Amino acid sequence: MSKPSKILTRRTILRAGAAAAALPIAAPFIVEARGETPVKIGFIDPFSGTYGVLGGYELNGARMALAEINKKGGILGRPVEIIPEDDAADVGKATVKFHKLVEKDKVNFISGSVSSAVSLALSHAANLKGILFVDTGGHVDSVTGQHCHWTTFKICSDTWMLANAISKTLISKFGKRWYISTPDYAWGHFLEAGFAALLKQNGGTLLGNALMPLGSTDFSSVLIKVQAAKPEVFIVLQGGDDFVDLMKQATQFGMTKKMAFGYGLVEFENLAALPEAARVGWGVMEWWWDQPKNPHVTAFVAKYRKLYAKTPSARSWFGYVAMHTIAMGAAKAKSLNSIKVAHAIEGMELPPELALGPYPISYRAGDHQMLLTEFVGEVSSTGKYPYLFDVKETIPGAKLAKSPAAKGCKLTYPA
Amino acid sequence: MRGRLPANVIIWALLLTAPFWLPLIGGYTALASRILIFALGAMGLNLLLGFTGMMSFGQAAYFGLGGYGAGLALVHLASSSWLAVLIGTLAGGAAALLIGPLVMHRRGIYFAMITVAVGQIFYFIAERWDSFTGGQDGLTGFSRQPLHFSGYAISLRDVPFYYFVLFFFAIGAGLVALLLHSPLGHTFVAIRENRRRATFLGIHVERYVWASFAIAGLIGGLAGALNALQNNFISPENLYWVESGNFVIIAVLGGMRSFWGPLIGSIIFIGVQDYVSSILPNNWETVIGALFIVVVLFFPTGVLGIIRRGVRPA
């Protein structure tokens with residue numbers, strides 16, 4: 001009787017190969033000893049899914065800032081390091097990554113987020129741990145409103161500021177009969193409430209509000225309802241790939257020729273992904289790369305293009321500002337202690353090479369909201385990349401934002 | 001059986017001392033808690049998948065319901081971690097008990113399909129019912145509460161929470177072990193081995209599938225409640241079919257015919273996820289997918305299956 005099992009078979013070789021391939025994964029936990037322990041910043045952002053592109057721009061901006069900070073000697077003489085983690089715009093994943101960053105990597109600070117739901121969850125989690133969180137791009141009001149925390153600073157504007165910046169223009173140009181399409185989570189709910197309130201103040205009619213889950217790909221059910229309602233303005237609050245899909249479908253339905261389109265937020269990345277025919281409507285940008293009169297902006301754009309071969313977006317700027325904010329705060333506080341750094345950032349004004357806009361920008365002490373400039377304008381249907389947006393008006397954030405008290409924010413530091 | 005006792009002793013000893021040796025190899029306590037939680041959920045599933053031979057793709061439904069049960073109990077009822085775990089476990093178990101009759105008549109792919117469908121119902125309820133579940137934003141505003149023992153209060157920080165999880169893991173694993181050695185467990189295996197013969201022996205196969213399904217849901221609910229307490233957070237994603245897939249992957253990776261398979265699978269799955277996601281933030285899921293394909297193609301009995309075959313001459 002022969003014993004075939006002793007012979008080296010194809011399967012054995014394949015198994016051995018697979019096992020060898022798995023080795024580098026199986027032996028992962030090697031901690032390098034370094035002379036100087038770096039200051040670590042956990043960066044939780046979506047790098048996949050509907051907001052994947054936006055997260056990538058934020059990380060690029062953050063990395064560019066990091067190189068500048070390290071070139072100038074880091075934070076308190078220590079090198080700085082970013083540990084990026086993908087949350088796929090999913091709150092559950094983001095919380096797991098947060099605990100990993102805090103408990104395993106022992107990060108000093110947390111930053112990131114595109115999805116408002118994620119920034120809310122991270123804001124709570126960071127507060128429970130007493131660790132500073134700089135929210136780059138989750139817009140929801142409550143992060144610096146009724147759920148504000150001393151640990152959280154928010155760079156992007158809140159949803160009220162966005163709605164407030166564009167509503168008057170839409171009403172005076174196109175009319176008071178609106179239909180709103182809303183992504184069904186924190187960002188959408190707050191933004192929709194803002195638009196609806198402003199419309200009511202001005203005596204307009206809200207014909208309907210269609211809720212769709214984040215990550216939807218087929219918007220025809222919404223579009224059919226909107227066409228039947230015949231609004232003067234169709235307000236689209238979707239972002240990311242959701243926005244791109246909705247706009248493509250609306251264009252195929254011929255809707256872009258029948259009604260005006262308005263947006264709470266216009267994102268450069270999304271415009272770049274749209275076919276020319278779908279590039280219509282009015283909205284708000286939170287930063288715009290084409291400011292020829294501002295030499296700081298020109299230098300920033302040139303440097304970014306050299307690094308990434310792309311034009312920076314508002315998201316790039318958010319990531320860039322976030323890292324510099326942490327570095328400046330720690331330098332001012334002369335400490336990495338989150339409480340001291342938080343006090344240092346309160347009321348801090350961004351230097352012009354960081355503000356990169358027409359008006360001064362600072363972090364409001366009352367709610368930790370950064371009051372940035374809103375660039376109101378029209379999406380350019382004829383411009384070629386990167387000339388995708390025509391700025392018509394710039395409004396300083398301080399003129400648009402509600403007061404911390406009106407937002408329901410009361411910051412309490414630990415005793 | 002004789003060979004198993006030392007293995008069991010070693011596993012429990014390692015689990016009991018995990019917070020002490022884990023940091024030495026680069027792990028951390030919260031990771032250990034997470035591994036135990038997913039191992040427990042997969043163990044529940046494995047009762048159905050590995051021992052009753054029913055391919056359920058809906059374990060996340062009961063895992064997620066357990067989480068919402070625990071979270072909502074902390075938000076609305078009382079600030080007690082014990083109560084949260086109890087309510088969560090019962091929520092998962094009760095849901096599985098009620099859903100059982102709907103699914104127990106189906107077999108094979110149809111059973112898998114209907115368990116997915118039922119799971120998705122819970123997912124959409126949680127996602128759309130904003131005022132109660134927090135919708136797509138998830139449920140926040142609760143955190144795990146200190147335990148009170150006659151005057152003592154133990155705050156559930158890292159290490160104490162690990163032992164809190166281990167305590168419930170031991171209860172869950174003990175329940176599964178007890179079941180597997182009971183006539184009920186033997187009946188489950190008989191159904192897996194030959195459903196028709198079991199029927200001819202006078203076994204009401206469907207009732208046993210129901211029982212297996214309900215117990216799997218109960219244990220899934222327990223794991224889900226612990227998961228909600230660990231993250232101080234629960235979102236609809238925990239109910240989503242992708243999460244169900246994760247439990248199946250964990251069970252298959254480790255070895256679904258073995259009692260400890262889910263624990264091994266969870267160590268690999270959660271460990272790789274934790275490690276690779278830091279190196280490849282953009283495509284860590286690819287690595288997990290590749291790993292799963294390798295296991296299914298070449299090691300269909302899972303990691304424990306290989307070890308066992310290596311030790312015992314065939």
# chains A, B, ... in the order shown; residues from 1 in each chain; ligands from 1
$ select_by_dssp --residues "segment 8-160 of chain B" --states "strand (DSSP E or B)" --output "MDAnalysis selection string"
chainID B and resid 139 147:149 152:154
$ write_last_selection --atoms "C-alpha atoms" --output "PDB file, in the first residue's frame"
ATOM      1  CA  LEU B 139     -27.518  55.937  19.433  1.00  0.00           C
ATOM      2  CA  LEU B 147     -20.633  48.136  39.020  1.00  0.00           C
ATOM      3  CA  HIS B 148     -21.831  48.283  42.614  1.00  0.00           C
ATOM      4  CA  PHE B 149     -21.170  45.482  45.069  1.00  0.00           C
ATOM      5  CA  TYR B 152     -18.007  48.953  46.545  1.00  0.00           C
ATOM      6  CA  ALA B 153     -18.023  50.613  43.155  1.00  0.00           C
ATOM      7  CA  ILE B 154     -15.855  49.292  40.326  1.00  0.00           C
TER       8      ILE B 154
END
$ closest_atom_pairs --of "chain A" --to "chain B" --cutoff "6 Å" --atoms "only C-alpha atoms" --output "CSV"
residue,atom,partner,partner_atom,distance
A:Phe29,CA,B:Gly26,CA,4.8
A:Phe47,CA,B:Asn282,CA,5.5
A:Glu85,CA,B:Pro281,CA,5.4
A:Asp86,CA,B:Pro281,CA,5.2
A:Gly92,CA,B:Ser235,CA,5.9
A:Lys104,CA,B:Tyr28,CA,5.7
A:Ala117,CA,B:Asp137,CA,4.7
A:Tyr185,CA,B:Gln136,CA,5.4
$ atom_distance --atom1 "atom CA of Val341 of chain A" --atom2 "atom CA of Thr37 of chain A"
19.0 Å
$ closest_atom_pairs --of "segment 78-97 of chain B" --to "segment 36-60 of chain B" --cutoff "12 Å" --atoms "only C-alpha atoms" --output "JSON lines"
{"residue": "B:Thr89", "atom": "CA", "partner": "B:Gly41", "partner_atom": "CA", "distance": 11.3}
{"residue": "B:Gly92", "atom": "CA", "partner": "B:Gln59", "partner_atom": "CA", "distance": 9.6}
{"residue": "B:Gly93", "atom": "CA", "partner": "B:Gly44", "partner_atom": "CA", "distance": 10.9}
{"residue": "B:Ala95", "atom": "CA", "partner": "B:Gln59", "partner_atom": "CA", "distance": 11.3}
{"residue": "B:Ala96", "atom": "CA", "partner": "B:Gln59", "partner_atom": "CA", "distance": 9.4}
$ residues_around --residues "segment 233-249 of chain A" --least-positions-apart "2" --cutoff "7 Å" --atoms "only C-alpha atoms" --output "ChimeraX atom specification"
/A:50-51,174-175,177-183,188,215-217,219,231,251-253,259-264,270,273-274,278
$ select_by_dssp --residues "segment 173-255 of chain B" --states "helix (DSSP H, G or I)" --output "PyMOL selection string"
chain B and resi 173-180+183-193+195-200+205-231+236-239+241-254
